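Okay, model_35.pdb now, which holds PDB, C-alpha atoms:
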```
MODEL        1
ATOM      1  CA  MET A 548      43.527 -34.884 -11.713
ATOM      2  CA  PRO A 549      46.094 -37.715 -11.859
ATOM      3  CA  SER A 550      45.251 -40.698  -9.690
ATOM      4  CA  SER A 551      48.840 -41.888  -9.290
ATOM      5  CA  ALA A 552      51.321 -39.970  -7.181
ATOM      6  CA  SER A 553      54.806 -39.037  -8.280
ATOM      7  CA  ARG A 554      57.583 -41.460  -7.463
ATOM      8  CA  VAL A 555      61.340 -41.833  -7.835
ATOM      9  CA  GLU A 556      62.965 -44.882  -9.354
ATOM     10  CA  GLN A 557      66.681 -45.486  -8.828
ATOM     11  CA  PRO A 558      68.005 -47.912 -11.434
ATOM     12  CA  THR A 559      71.715 -48.599 -11.706
ATOM     13  CA  LEU A 560      73.771 -48.425 -14.866
ATOM     14  CA  THR A 561      77.239 -49.794 -15.556
ATOM     15  CA  CYS A 562      78.941 -46.936 -17.399
ATOM     16  CA  GLU A 563      81.511 -48.361 -19.790
ATOM     17  CA  ALA A 564      82.918 -44.866 -20.347
ATOM     18  CA  LEU A 565      84.033 -44.865 -16.704
ATOM     19  CA  ARG A 566      85.752 -48.231 -16.828
ATOM     20  CA  ASP A 567      89.411 -47.871 -15.830
ATOM     21  CA  ASN A 568      88.898 -44.226 -14.789
ATOM     22  CA  PRO A 569      92.153 -42.956 -13.232
ATOM     23  CA  LEU A 570      90.670 -42.286  -9.783
ATOM     24  CA  GLY A 571      89.249 -45.781  -9.397
ATOM     25  CA  ASP A 572      85.735 -44.406  -8.915
ATOM     26  CA  PRO A 573      82.797 -46.823  -9.350
ATOM     27  CA  ILE A 574      81.582 -47.599 -12.861
ATOM     28  CA  GLU A 575      78.150 -48.695 -11.609
ATOM     29  CA  ARG A 576      76.050 -45.597 -10.995
ATOM     30  CA  ARG A 577      72.630 -44.895  -9.544
ATOM     31  CA  ILE A 578      70.374 -42.873 -11.838
ATOM     32  CA  PRO A 579      67.497 -41.428  -9.765
ATOM     33  CA  VAL A 580      64.549 -40.619 -12.027
ATOM     34  CA  TYR A 581      61.596 -38.535 -10.845
ATOM     35  CA  LEU A 582      58.333 -39.638 -12.486
ATOM     36  CA  PRO A 583      55.551 -37.036 -12.251
ATOM     37  CA  PRO A 584      52.016 -37.485 -10.891
ATOM     38  CA  GLY A 585      49.928 -39.391 -13.421
ATOM     39  CA  TYR A 586      52.876 -41.252 -14.941
ATOM     40  CA  ASP A 587      51.277 -44.594 -14.040
ATOM     41  CA  ASP A 588      47.779 -43.620 -15.259
ATOM     42  CA  ASP A 589      48.333 -43.575 -19.025
ATOM     43  CA  PRO A 590      50.998 -45.902 -20.494
ATOM     44  CA  GLY A 591      50.854 -43.969 -23.758
ATOM     45  CA  GLN A 592      51.744 -40.590 -22.267
ATOM     46  CA  ARG A 593      55.294 -39.327 -22.803
ATOM     47  CA  TYR A 594      57.086 -36.487 -21.027
ATOM     48  CA  PRO A 595      60.000 -34.077 -21.538
ATOM     49  CA  ALA A 596      63.170 -35.087 -19.704
ATOM     50  CA  LEU A 597      65.177 -32.641 -17.592
ATOM     51  CA  TYR A 598      68.679 -33.561 -16.406
ATOM     52  CA  LEU A 599      69.774 -32.017 -13.112
ATOM     53  CA  LEU A 600      73.567 -31.865 -12.658
ATOM     54  CA  SER A 601      74.671 -31.541  -9.048
ATOM     55  CA  SER A 602      77.061 -28.990  -7.601
ATOM     56  CA  HIS A 603      80.629 -29.762  -6.536
ATOM     57  CA  GLY A 604      80.697 -31.901  -3.414
ATOM     58  CA  SER A 605      77.283 -33.397  -4.075
ATOM     59  CA  THR A 606      75.685 -35.886  -6.439
ATOM     60  CA  GLY A 607      72.321 -36.916  -7.849
ATOM     61  CA  PRO A 608      71.078 -39.261  -5.092
ATOM     62  CA  ALA A 609      71.844 -36.607  -2.457
ATOM     63  CA  LEU A 610      69.228 -34.360  -4.072
ATOM     64  CA  LEU A 611      66.564 -36.778  -2.819
ATOM     65  CA  ASN A 612      67.506 -36.288   0.829
ATOM     66  CA  TRP A 613      65.444 -34.643   3.530
ATOM     67  CA  GLN A 614      66.460 -31.021   4.104
ATOM     68  CA  PRO A 615      66.085 -29.198   7.433
ATOM     69  CA  TRP A 616      63.673 -26.249   7.069
ATOM     70  CA  ASP A 617      63.593 -26.960   3.354
ATOM     71  CA  VAL A 618      62.388 -29.402   0.721
ATOM     72  CA  SER A 619      64.050 -32.004  -1.468
ATOM     73  CA  VAL A 620      64.105 -31.639  -5.236
ATOM     74  CA  PRO A 621      61.220 -34.136  -5.725
ATOM     75  CA  GLN A 622      59.168 -32.191  -3.189
ATOM     76  CA  GLN A 623      59.946 -28.966  -5.060
ATOM     77  CA  ILE A 624      58.732 -30.470  -8.313
ATOM     78  CA  ASP A 625      55.607 -31.938  -6.692
ATOM     79  CA  ALA A 626      54.670 -28.524  -5.307
ATOM     80  CA  LEU A 627      55.213 -26.778  -8.655
ATOM     81  CA  ILE A 628      53.064 -29.304 -10.532
ATOM     82  CA  ALA A 629      50.341 -29.303  -7.863
ATOM     83  CA  ALA A 630      50.153 -25.504  -8.018
ATOM     84  CA  GLY A 631      49.779 -25.588 -11.796
ATOM     85  CA  ARG A 632      53.055 -23.702 -12.237
ATOM     86  CA  MET A 633      54.898 -26.514 -14.011
ATOM     87  CA  ALA A 634      53.903 -29.043 -16.652
ATOM     88  CA  PRO A 635      54.623 -32.667 -15.708
ATOM     89  CA  ALA A 636      58.145 -33.743 -16.620
ATOM     90  CA  ILE A 637      60.618 -36.517 -15.950
ATOM     91  CA  VAL A 638      63.636 -35.246 -13.989
ATOM     92  CA  VAL A 639      66.869 -37.249 -13.988
ATOM     93  CA  MET A 640      69.463 -36.757 -11.234
ATOM     94  CA  PRO A 641      72.467 -38.885 -12.258
ATOM     95  CA  ASP A 642      75.261 -39.896  -9.916
ATOM     96  CA  LEU A 643      78.429 -38.442 -11.448
ATOM     97  CA  TRP A 644      80.417 -38.210  -8.206
ATOM     98  CA  THR A 645      84.213 -38.466  -8.254
ATOM     99  CA  ARG A 646      86.974 -38.572  -5.652
ATOM    100  CA  PHE A 647      87.538 -34.885  -6.490
ATOM    101  CA  GLY A 648      83.895 -34.022  -5.715
ATOM    102  CA  SER A 649      82.891 -33.534  -9.356
ATOM    103  CA  SER A 650      84.024 -34.115 -12.908
ATOM    104  CA  GLN A 651      82.863 -30.735 -14.238
ATOM    105  CA  PHE A 652      80.872 -33.059 -16.547
ATOM    106  CA  ILE A 653      83.589 -33.158 -19.221
ATOM    107  CA  ASN A 654      86.099 -35.785 -20.349
ATOM    108  CA  SER A 655      89.606 -35.530 -18.910
ATOM    109  CA  ALA A 656      92.559 -37.862 -18.502
ATOM    110  CA  GLY A 657      92.821 -36.927 -14.820
ATOM    111  CA  ILE A 658      89.220 -37.755 -13.842
ATOM    112  CA  GLY A 659      87.568 -39.869 -16.533
ATOM    113  CA  ARG A 660      85.092 -39.740 -19.391
ATOM    114  CA  TYR A 661      82.093 -38.286 -17.612
ATOM    115  CA  GLU A 662      80.811 -36.360 -20.606
ATOM    116  CA  ASP A 663      80.713 -39.614 -22.584
ATOM    117  CA  ALA A 664      78.964 -41.337 -19.677
ATOM    118  CA  LEU A 665      76.278 -38.647 -19.493
ATOM    119  CA  VAL A 666      75.596 -38.065 -23.176
ATOM    120  CA  GLY A 667      76.465 -41.468 -24.607
ATOM    121  CA  GLU A 668      75.139 -43.811 -21.912
ATOM    122  CA  ILE A 669      72.876 -42.217 -19.310
ATOM    123  CA  VAL A 670      70.661 -40.276 -21.742
ATOM    124  CA  PRO A 671      70.057 -43.321 -24.009
ATOM    125  CA  PHE A 672      69.440 -45.500 -20.929
ATOM    126  CA  VAL A 673      66.758 -43.152 -19.602
ATOM    127  CA  ASP A 674      65.106 -42.896 -23.033
ATOM    128  CA  ALA A 675      65.043 -46.696 -23.302
ATOM    129  CA  HIS A 676      63.573 -47.348 -19.854
ATOM    130  CA  PHE A 677      61.191 -44.436 -19.266
ATOM    131  CA  ARG A 678      58.512 -42.743 -21.366
ATOM    132  CA  THR A 679      60.457 -39.681 -22.437
ATOM    133  CA  LEU A 680      59.699 -37.591 -25.488
ATOM    134  CA  PRO A 681      62.576 -38.295 -27.868
ATOM    135  CA  GLY A 682      65.101 -35.782 -29.151
ATOM    136  CA  ALA A 683      66.765 -32.565 -28.071
ATOM    137  CA  ASP A 684      63.557 -30.591 -28.635
ATOM    138  CA  HIS A 685      62.177 -32.300 -25.536
ATOM    139  CA  ARG A 686      65.313 -32.668 -23.415
ATOM    140  CA  GLY A 687      66.919 -30.064 -21.156
ATOM    141  CA  VAL A 688      69.777 -29.791 -18.688
ATOM    142  CA  PHE A 689      70.110 -27.579 -15.607
ATOM    143  CA  GLY A 690      72.138 -27.241 -12.439
ATOM    144  CA  ARG A 691      73.687 -24.930  -9.878
ATOM    145  CA  SER A 692      77.316 -23.917  -9.288
ATOM    146  CA  SER A 693      79.507 -26.601 -10.933
ATOM    147  CA  GLY A 694      76.248 -28.172 -12.107
ATOM    148  CA  GLY A 695      75.331 -24.843 -13.690
ATOM    149  CA  TYR A 696      78.679 -24.842 -15.465
ATOM    150  CA  GLY A 697      78.002 -28.395 -16.631
ATOM    151  CA  ALA A 698      74.540 -27.498 -17.912
ATOM    152  CA  LEU A 699      75.824 -24.502 -19.874
ATOM    153  CA  VAL A 700      78.803 -26.357 -21.352
ATOM    154  CA  GLN A 701      76.790 -29.456 -22.257
ATOM    155  CA  ALA A 702      74.208 -27.289 -24.018
ATOM    156  CA  MET A 703      77.032 -25.623 -25.960
ATOM    157  CA  ARG A 704      78.815 -28.864 -26.814
ATOM    158  CA  HIS A 705      75.791 -31.103 -27.397
ATOM    159  CA  PRO A 706      72.857 -29.206 -28.902
ATOM    160  CA  GLU A 707      71.891 -32.487 -30.573
ATOM    161  CA  THR A 708      71.208 -33.867 -27.080
ATOM    162  CA  PHE A 709      70.035 -30.907 -24.971
ATOM    163  CA  GLY A 710      67.683 -28.373 -26.490
ATOM    164  CA  ALA A 711      67.375 -26.069 -23.469
ATOM    165  CA  PHE A 712      69.364 -25.248 -20.352
ATOM    166  CA  ALA A 713      69.332 -23.344 -17.086
ATOM    167  CA  CYS A 714      72.598 -22.246 -15.499
ATOM    168  CA  HIS A 715      72.192 -21.230 -11.855
ATOM    169  CA  SER A 716      75.256 -19.496 -10.363
ATOM    170  CA  GLY A 717      77.490 -21.386 -12.768
ATOM    171  CA  ASP A 718      81.283 -21.246 -12.812
ATOM    172  CA  LEU A 719      82.273 -18.438 -15.189
ATOM    173  CA  TYR A 720      85.094 -15.934 -15.693
ATOM    174  CA  TRP A 721      88.139 -17.851 -14.501
ATOM    175  CA  GLU A 722      89.984 -14.677 -13.421
ATOM    176  CA  TYR A 723      87.568 -14.334 -10.502
ATOM    177  CA  THR A 724      86.349 -17.919 -10.134
ATOM    178  CA  CYS A 725      89.649 -19.809 -10.208
ATOM    179  CA  LEU A 726      92.566 -17.458  -9.548
ATOM    180  CA  PRO A 727      91.762 -16.864  -5.843
ATOM    181  CA  GLY A 728      92.093 -20.601  -5.201
ATOM    182  CA  LEU A 729      95.168 -20.930  -7.387
ATOM    183  CA  SER A 730      96.944 -18.223  -5.392
ATOM    184  CA  LYS A 731      96.728 -20.451  -2.291
ATOM    185  CA  MET A 732      97.197 -23.841  -3.952
ATOM    186  CA  HIS A 733     100.954 -24.106  -3.277
ATOM    187  CA  GLN A 734     100.631 -23.648   0.483
ATOM    188  CA  GLN A 735      97.571 -25.883   0.724
ATOM    189  CA  LEU A 736      99.334 -28.693  -1.144
ATOM    190  CA  ALA A 737     102.313 -28.311   1.188
ATOM    191  CA  GLN A 738      99.982 -28.533   4.188
ATOM    192  CA  TYR A 739      98.699 -31.904   2.977
ATOM    193  CA  GLY A 740     102.096 -33.278   1.984
ATOM    194  CA  GLY A 741     101.966 -32.565  -1.748
ATOM    195  CA  LEU A 742      99.684 -33.523  -4.608
ATOM    196  CA  ASP A 743     100.305 -37.279  -4.443
ATOM    197  CA  ALA A 744      99.539 -37.432  -0.731
ATOM    198  CA  PHE A 745      96.466 -35.206  -1.028
ATOM    199  CA  ILE A 746      94.912 -37.291  -3.816
ATOM    200  CA  ARG A 747      95.650 -40.497  -1.888
ATOM    201  CA  ASP A 748      94.244 -39.193   1.392
ATOM    202  CA  ILE A 749      91.106 -37.385   0.185
ATOM    203  CA  PRO A 750      88.710 -40.039   1.552
ATOM    204  CA  THR A 751      90.343 -40.147   4.994
ATOM    205  CA  ILE A 752      91.256 -36.499   5.646
ATOM    206  CA  ARG A 753      89.566 -35.308   8.852
ATOM    207  CA  PRO A 754      88.218 -32.790   9.436
ATOM    208  CA  LYS A 755      87.210 -31.731   5.951
ATOM    209  CA  GLY A 756      87.279 -28.023   6.717
ATOM    210  CA  GLY A 757      87.490 -24.901   4.610
ATOM    211  CA  THR A 758      91.063 -25.480   3.440
ATOM    212  CA  PHE A 759      90.225 -29.001   2.296
ATOM    213  CA  TRP A 760      87.217 -27.826   0.304
ATOM    214  CA  GLU A 761      89.172 -25.007  -1.323
ATOM    215  CA  LEU A 762      91.952 -27.357  -2.368
ATOM    216  CA  VAL A 763      89.789 -30.253  -3.573
ATOM    217  CA  MET A 764      87.843 -27.804  -5.746
ATOM    218  CA  THR A 765      91.064 -26.403  -7.212
ATOM    219  CA  VAL A 766      92.472 -29.885  -7.820
ATOM    220  CA  CYS A 767      89.190 -30.839  -9.497
ATOM    221  CA  TRP A 768      89.515 -27.862 -11.839
ATOM    222  CA  ALA A 769      93.174 -28.719 -12.475
ATOM    223  CA  ALA A 770      92.278 -32.274 -13.459
ATOM    224  CA  ALA A 771      89.414 -31.137 -15.679
ATOM    225  CA  PHE A 772      91.007 -28.108 -17.348
ATOM    226  CA  GLY A 773      94.734 -28.983 -17.283
ATOM    227  CA  ASP A 774      94.269 -32.256 -19.128
ATOM    228  CA  ASN A 775      97.536 -33.997 -20.070
ATOM    229  CA  PRO A 776      97.465 -37.788 -20.568
ATOM    230  CA  GLY A 777     101.265 -37.866 -20.337
ATOM    231  CA  ALA A 778     101.449 -36.274 -16.880
ATOM    232  CA  PRO A 779     101.722 -38.459 -13.730
ATOM    233  CA  HIS A 780      98.098 -37.862 -12.693
ATOM    234  CA  GLY A 781      96.758 -37.132 -16.187
ATOM    235  CA  PHE A 782      96.902 -33.366 -15.716
ATOM    236  CA  ASP A 783      99.351 -30.498 -15.275
ATOM    237  CA  LEU A 784      99.313 -28.254 -12.247
ATOM    238  CA  PRO A 785      98.510 -24.613 -13.119
ATOM    239  CA  ILE A 786     101.170 -23.386 -10.688
ATOM    240  CA  ASP A 787     104.797 -23.973  -9.826
ATOM    241  CA  PRO A 788     104.436 -25.937  -6.556
ATOM    242  CA  ASP A 789     107.719 -24.508  -5.220
ATOM    243  CA  THR A 790     107.236 -20.798  -5.854
ATOM    244  CA  GLY A 791     103.430 -20.821  -6.113
ATOM    245  CA  ALA A 792     103.586 -18.774  -9.323
ATOM    246  CA  LEU A 793     101.008 -19.216 -12.051
ATOM    247  CA  ASP A 794     102.054 -21.370 -14.999
ATOM    248  CA  GLU A 795     100.854 -19.219 -17.893
ATOM    249  CA  THR A 796     100.992 -22.082 -20.414
ATOM    250  CA  VAL A 797      98.716 -24.332 -18.377
ATOM    251  CA  TRP A 798      96.524 -21.371 -17.419
ATOM    252  CA  ALA A 799      95.911 -20.698 -21.119
ATOM    253  CA  ARG A 800      94.512 -24.228 -21.421
ATOM    254  CA  TRP A 801      92.184 -23.511 -18.508
ATOM    255  CA  LEU A 802      90.854 -20.393 -20.200
ATOM    256  CA  ALA A 803      89.696 -22.462 -23.168
ATOM    257  CA  HIS A 804      87.172 -24.113 -20.799
ATOM    258  CA  ASP A 805      85.714 -20.806 -19.555
ATOM    259  CA  PRO A 806      82.202 -20.452 -21.040
ATOM    260  CA  LEU A 807      82.912 -16.752 -21.560
ATOM    261  CA  ARG A 808      85.683 -17.695 -23.992
ATOM    262  CA  MET A 809      83.766 -20.665 -25.396
ATOM    263  CA  ALA A 810      80.946 -18.347 -26.468
ATOM    264  CA  ASP A 811      83.382 -16.681 -28.892
ATOM    265  CA  ASP A 812      83.496 -19.916 -30.894
ATOM    266  CA  PRO A 813      80.854 -19.651 -33.662
ATOM    267  CA  ALA A 814      79.822 -23.297 -33.222
ATOM    268  CA  PHE A 815      79.167 -22.854 -29.511
ATOM    269  CA  ALA A 816      77.432 -19.530 -30.103
ATOM    270  CA  ASP A 817      75.172 -21.189 -32.666
ATOM    271  CA  ALA A 818      74.316 -23.917 -30.172
ATOM    272  CA  LEU A 819      73.208 -21.285 -27.658
ATOM    273  CA  ARG A 820      71.360 -19.389 -30.369
ATOM    274  CA  GLY A 821      69.368 -22.509 -31.222
ATOM    275  CA  ALA A 822      68.380 -23.346 -27.641
ATOM    276  CA  ARG A 823      64.664 -23.319 -26.902
ATOM    277  CA  LEU A 824      65.527 -21.757 -23.542
ATOM    278  CA  ALA A 825      68.812 -20.232 -22.414
ATOM    279  CA  PHE A 826      68.321 -19.298 -18.746
ATOM    280  CA  ILE A 827      71.039 -17.768 -16.563
ATOM    281  CA  ASP A 828      70.677 -16.481 -13.023
ATOM    282  CA  VAL A 829      72.938 -15.606 -10.108
ATOM    283  CA  GLY A 830      72.811 -14.046  -6.669
ATOM    284  CA  SER A 831      73.905 -10.403  -6.563
ATOM    285  CA  TYR A 832      75.977 -11.169  -3.444
ATOM    286  CA  ASP A 833      77.598 -14.416  -4.572
ATOM    287  CA  GLU A 834      80.542 -15.188  -2.260
ATOM    288  CA  TYR A 835      82.641 -16.394  -5.210
ATOM    289  CA  GLN A 836      81.853 -13.313  -7.308
ATOM    290  CA  LEU A 837      80.119 -15.470  -9.918
ATOM    291  CA  GLN A 838      77.735 -12.589 -10.545
ATOM    292  CA  VAL A 839      80.595 -10.873 -12.398
ATOM    293  CA  GLY A 840      80.956 -13.714 -14.884
ATOM    294  CA  ALA A 841      77.191 -14.003 -15.260
ATOM    295  CA  ARG A 842      76.901 -10.295 -16.048
ATOM    296  CA  LEU A 843      79.700 -10.543 -18.613
ATOM    297  CA  LEU A 844      78.089 -13.563 -20.261
ATOM    298  CA  HIS A 845      74.734 -11.753 -20.324
ATOM    299  CA  ARG A 846      76.360  -8.812 -22.116
ATOM    300  CA  LYS A 847      78.206 -11.079 -24.530
ATOM    301  CA  LEU A 848      75.044 -12.976 -25.463
ATOM    302  CA  ASP A 849      73.261  -9.676 -26.026
ATOM    303  CA  ALA A 850      76.098  -8.526 -28.293
ATOM    304  CA  LEU A 851      75.908 -11.797 -30.232
ATOM    305  CA  GLY A 852      72.140 -11.480 -30.644
ATOM    306  CA  ILE A 853      71.487 -14.681 -28.673
ATOM    307  CA  ALA A 854      68.084 -14.703 -27.001
ATOM    308  CA  HIS A 855      68.269 -15.627 -23.335
ATOM    309  CA  GLU A 856      66.697 -14.924 -19.977
ATOM    310  CA  TYR A 857      68.950 -13.389 -17.335
ATOM    311  CA  GLN A 858      68.013 -12.791 -13.707
ATOM    312  CA  GLU A 859      69.807 -11.564 -10.592
ATOM    313  CA  TYR A 860      68.309 -11.983  -7.151
ATOM    314  CA  PRO A 861      69.282 -10.651  -3.702
ATOM    315  CA  ASP A 862      71.146 -13.645  -2.277
ATOM    316  CA  GLY A 863      74.533 -15.333  -2.194
ATOM    317  CA  HIS A 864      75.789 -18.665  -3.501
ATOM    318  CA  ARG A 865      74.991 -21.304  -0.920
ATOM    319  CA  GLY A 866      71.594 -22.823  -0.315
ATOM    320  CA  THR A 867      70.005 -21.376  -3.444
ATOM    321  CA  HIS A 868      68.558 -24.506  -5.000
ATOM    322  CA  TYR A 869      65.179 -22.862  -4.368
ATOM    323  CA  ARG A 870      65.895 -21.034  -7.633
ATOM    324  CA  TYR A 871      65.001 -24.220  -9.497
ATOM    325  CA  GLU A 872      61.417 -23.098  -8.854
ATOM    326  CA  THR A 873      62.074 -20.361 -11.426
ATOM    327  CA  SER A 874      63.732 -22.435 -14.144
ATOM    328  CA  LEU A 875      61.838 -25.712 -13.900
ATOM    329  CA  PRO A 876      58.482 -24.324 -15.111
ATOM    330  CA  LEU A 877      60.205 -22.574 -18.015
ATOM    331  CA  LEU A 878      62.127 -25.675 -19.057
ATOM    332  CA  ALA A 879      59.116 -27.976 -18.834
ATOM    333  CA  ASP A 880      57.008 -25.520 -20.830
ATOM    334  CA  VAL A 881      59.382 -25.083 -23.789
ATOM    335  CA  LEU A 882      60.241 -28.793 -23.999
ATOM    336  CA  ARG A 883      56.821 -30.419 -23.798
TER     337      ARG A 883
ENDMDL
END
```
Write out the structure in this file as structure tokens.
Amino acid sequence: MPSSASRVEQPTLTCEALRDNPLGDPIERRIPVYLPPGYDDDPGQRYPALYLLSSHGSTGPALLNWQPWDVSVPQQIDALIAAGRMAPAIVVMPDLWTRFGSSQFINSAGIGRYEDALVGEIVPFVDAHFRTLPGADHRGVFGRSSGGYGALVQAMRHPETFGAFACHSGDLYWEYTCLPGLSKMHQQLAQYGGLDAFIRDIPTIRPKGGTFWELVMTVCWAAAFGDNPGAPHGFDLPIDPDTGALDETVWARWLAHDPLRMADDPAFADALRGARLAFIDVGSYDEYQLQVGARLLHRKLDALGIAHEYQEYPDGHRGTHYRYETSLPLLADVLR
């Protein structure tokens, strides 16, 4: 039995990739790092590293917070290890917050170079300061909702960095995930005085109700998927703001970021094929119909002969971080 308890360190890192980001978001970021029980007992022991990407509207440090009638992520991990269900692992919960609530964990002219910050700066920083096992064979990425999208896409784009992933209720199948919000974007922008005013006022808008959250999510997608360095905000709107009609040219650029389409690229398919664990799950009653995209991806991976684990469970979208209890033991096992 380990004599030292688990603990969380929260170092800060100045991310050069985020310098001069267009939203003026901080370049100094907290990087919470969960260190498992026994970490302080043996200075020669090394551990797999798991990167948890947060959902839209949240960020890494928030995952440490007390939860009413629930547990924090460190408490989840402690319980899994204590029960013998999970091998000890280091879990990193980076702060990749933006004014738009997320970056989708990719580089874009409208948000900043968050993919470069994660892969090029945060991962090397953690490896240099904590006793991780080196290399993609011992490093995984997971998350829920937008974090699930980020985990899946980063595993596809950076198999040299992440050797396993778990995508929980990730954004997939843009026809169902994005189009409902796009159909209302014109009237929501008008309600807030247009795109310029909305971006300016995001921090001070009160109350931040359902319409706000719908629009800030759609604007986040627009900035991430409609990348255009020559546009006023670094991205093109996917609609005509006057008529509300879909701009098919910009929409086609969005589709290139849909993991369902990405999986048709042989390089991305090979990255998934080489993963030590490809885990996908979703609630059967997801309010955003993300189960449809998950089912389609499951079928596509089967057709491509890509080994993966797929699960559906009887729940919706919100409040399902308890599903990490399913993926964490699998990730820690294949990466140790």
>> Taking only C-alpha atoms into account, name the residue in A:Thr867, A:Trp721, A:Leu611, A:Pro750 that is nearest to A:Trp798.
In response: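 Among the listed residues, A:Trp721 lies closest to A:Trp798.
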> Of the candidates A:Pro579, A:Gly687, A:Gly607, A:Gly717, which shows the shortest atom-to-atom distance to A:Thr559, using all atoms listed in the file?
Replying inline: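 Among the listed residues, the smallest separation from A:Thr559 belongs to A:Pro579.
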> Just how far from atom CA of A:Ile628 is atom CA of A:Leu875, in Å to one decimal?
Replying inline: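 Straight-line distance from atom CA of A:Leu875 to atom CA of A:Ile628 works out to 10.1 Å.
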>> Env of A:Gln614: 12 Å cut, atoms = all atoms listed in the file, seq-sep filter 6 positions within chain, self excluded. Answer as a ChimeraX atom specification.
In response: /A:620-623,866,868-869
> With distances taken over all atoms listed in the file, which of A:Pro785, A:Gly659, A:Gly667, A:Pro754 is nearest to A:Pro569?
Replying inline: A:Gly659
>> Need to verify the contact set: A:Asp663, 9 Å, all atoms listed in the file, exclusion of same-chain residues closer than 2 positions in sequence. Can you return it as JSON, numbers by chain?
In response: {"A": [564, 565, 652, 653, 654, 660, 661, 665, 666, 667, 668, 669]}
> Can you tell me how far atom CA of A:Ile749 sits from atom CA of A:Arg576, in Å to one decimal?
Replying inline: 20.5 Å
>> Since I can't run it myself right now, could you work out what the PyMOL selection byres ((chain A and resi 848-862) around 7) selects here and report it as a list of chain:residue names?
In response: A:Leu819, A:Arg820, A:Leu824, A:Ala825, A:Phe826, A:Ile827, A:Asp828, A:Val829, A:Gly830, A:Ser831, A:Tyr832, A:Asp833, A:Leu844, A:His845, A:Arg846, A:Lys847, A:Gly863, A:His864
> Which protein, DNA or RNA residues have an atom at most 8 Å from (66.2, -44.2, -14.3), counting all atoms listed in the file? List them as JSON, numbers by chain.
Replying inline: {"A": [556, 557, 558, 559, 578, 579, 580, 639, 672, 673, 676, 677]}
> Selected by the PyMOL selection byres ((chain A and resi 746) around 10) in the shown coordinates: which residues, as a VMD selection string?
Replying inline: chain A and resid 570 646 to 647 739 741 to 745 747 to 750 763 766 780
>> Need the shell around A:Gly728: protein/DNA/RNA residues with any atom at most 9 Å away, counting only C-alpha atoms. Skip same-chain ones fewer than 4 positions apart. Format as a list in words?
In response: Thr724, Met732, Glu761, Leu762, Met764 and Thr765 of chain A
Please produce a file of those selected residues containing C-alpha atoms, as a tab-separated table (two decimals), keeping the file's coordinate frame.
```
chain	number	residue	atom	x	y	z
A	724	THR	CA	86.35	-17.92	-10.13
A	732	MET	CA	97.20	-23.84	-3.95
A	761	GLU	CA	89.17	-25.01	-1.32
A	762	LEU	CA	91.95	-27.36	-2.37
A	764	MET	CA	87.84	-27.80	-5.75
A	765	THR	CA	91.06	-26.40	-7.21
```
>> Taking only C-alpha atoms into account, name the residue in A:Ser619, A:Asn612, A:Ser551, A:Gln838 that is nearest to A:Glu872.
In response: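 Nearest to A:Glu872: A:Ser619.
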Spatial neighbours of A:Glu707, 9 Å, all atoms listed in the file, chain gap at least 5 places, as an mmCIF file with C-alpha atoms, in the coordinates of the input:
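Output saved as out.cif:
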```
data_model
loop_
_atom_site.group_PDB
_atom_site.id
_atom_site.type_symbol
_atom_site.label_atom_id
_atom_site.label_comp_id
_atom_site.auth_asym_id
_atom_site.auth_seq_id
_atom_site.Cartn_x
_atom_site.Cartn_y
_atom_site.Cartn_z
ATOM 1 C CA GLY A 682 65.101 -35.782 -29.151
ATOM 2 C CA ALA A 683 66.765 -32.565 -28.071
ATOM 3 C CA ASP A 684 63.557 -30.591 -28.635
ATOM 4 C CA ALA A 702 74.208 -27.289 -24.018
ATOM 5 C CA ALA A 818 74.316 -23.917 -30.172
#
```
> If you count all atoms listed in the file, which residues fall within 8 Å of A:Glu575, apart from same-chain ones fewer than 6 positions away, as a ChimeraX atom specification?
Replying inline: /A:559-562
Store the residues picked out above in a file with C-alpha atoms, as a CSV table (one decimal), in the frame of the given file.
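This is the output file result.csv:
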```csv
chain,number,residue,atom,x,y,z
A,559,THR,CA,71.7,-48.6,-11.7
A,560,LEU,CA,73.8,-48.4,-14.9
A,561,THR,CA,77.2,-49.8,-15.6
A,562,CYS,CA,78.9,-46.9,-17.4
```
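What separates atom CA of A:Pro608 from atom CA of A:Met640 is a distance of 6.8 Å.
When the PyMOL selection byres ((chain A and resi 795) around 12) is evaluated on the file shown here, the picked residues come out as Leu726, Gly773, Asp783, Leu784, Pro785, Ile786, Asp787, Ala792, Leu793, Asp794, Thr796, Val797, Trp798, Ala799, Arg800, Trp801 and Leu802 of chain A.
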> Hey, which of A:Arg632, A:Leu582, A:Ala609, A:Pro615 ends up closest to A:Arg554? Count only C-alpha atoms.
Replying inline: A:Leu582
> Hey, which of A:Gly791, A:Pro583, A:Gly591, A:Gly840 ends up closest to A:Leu729? Count all atoms listed in the file.
Replying inline: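 Ranking A:Gly791, A:Pro583, A:Gly591, A:Gly840 by distance to A:Leu729, first place goes to A:Gly791.
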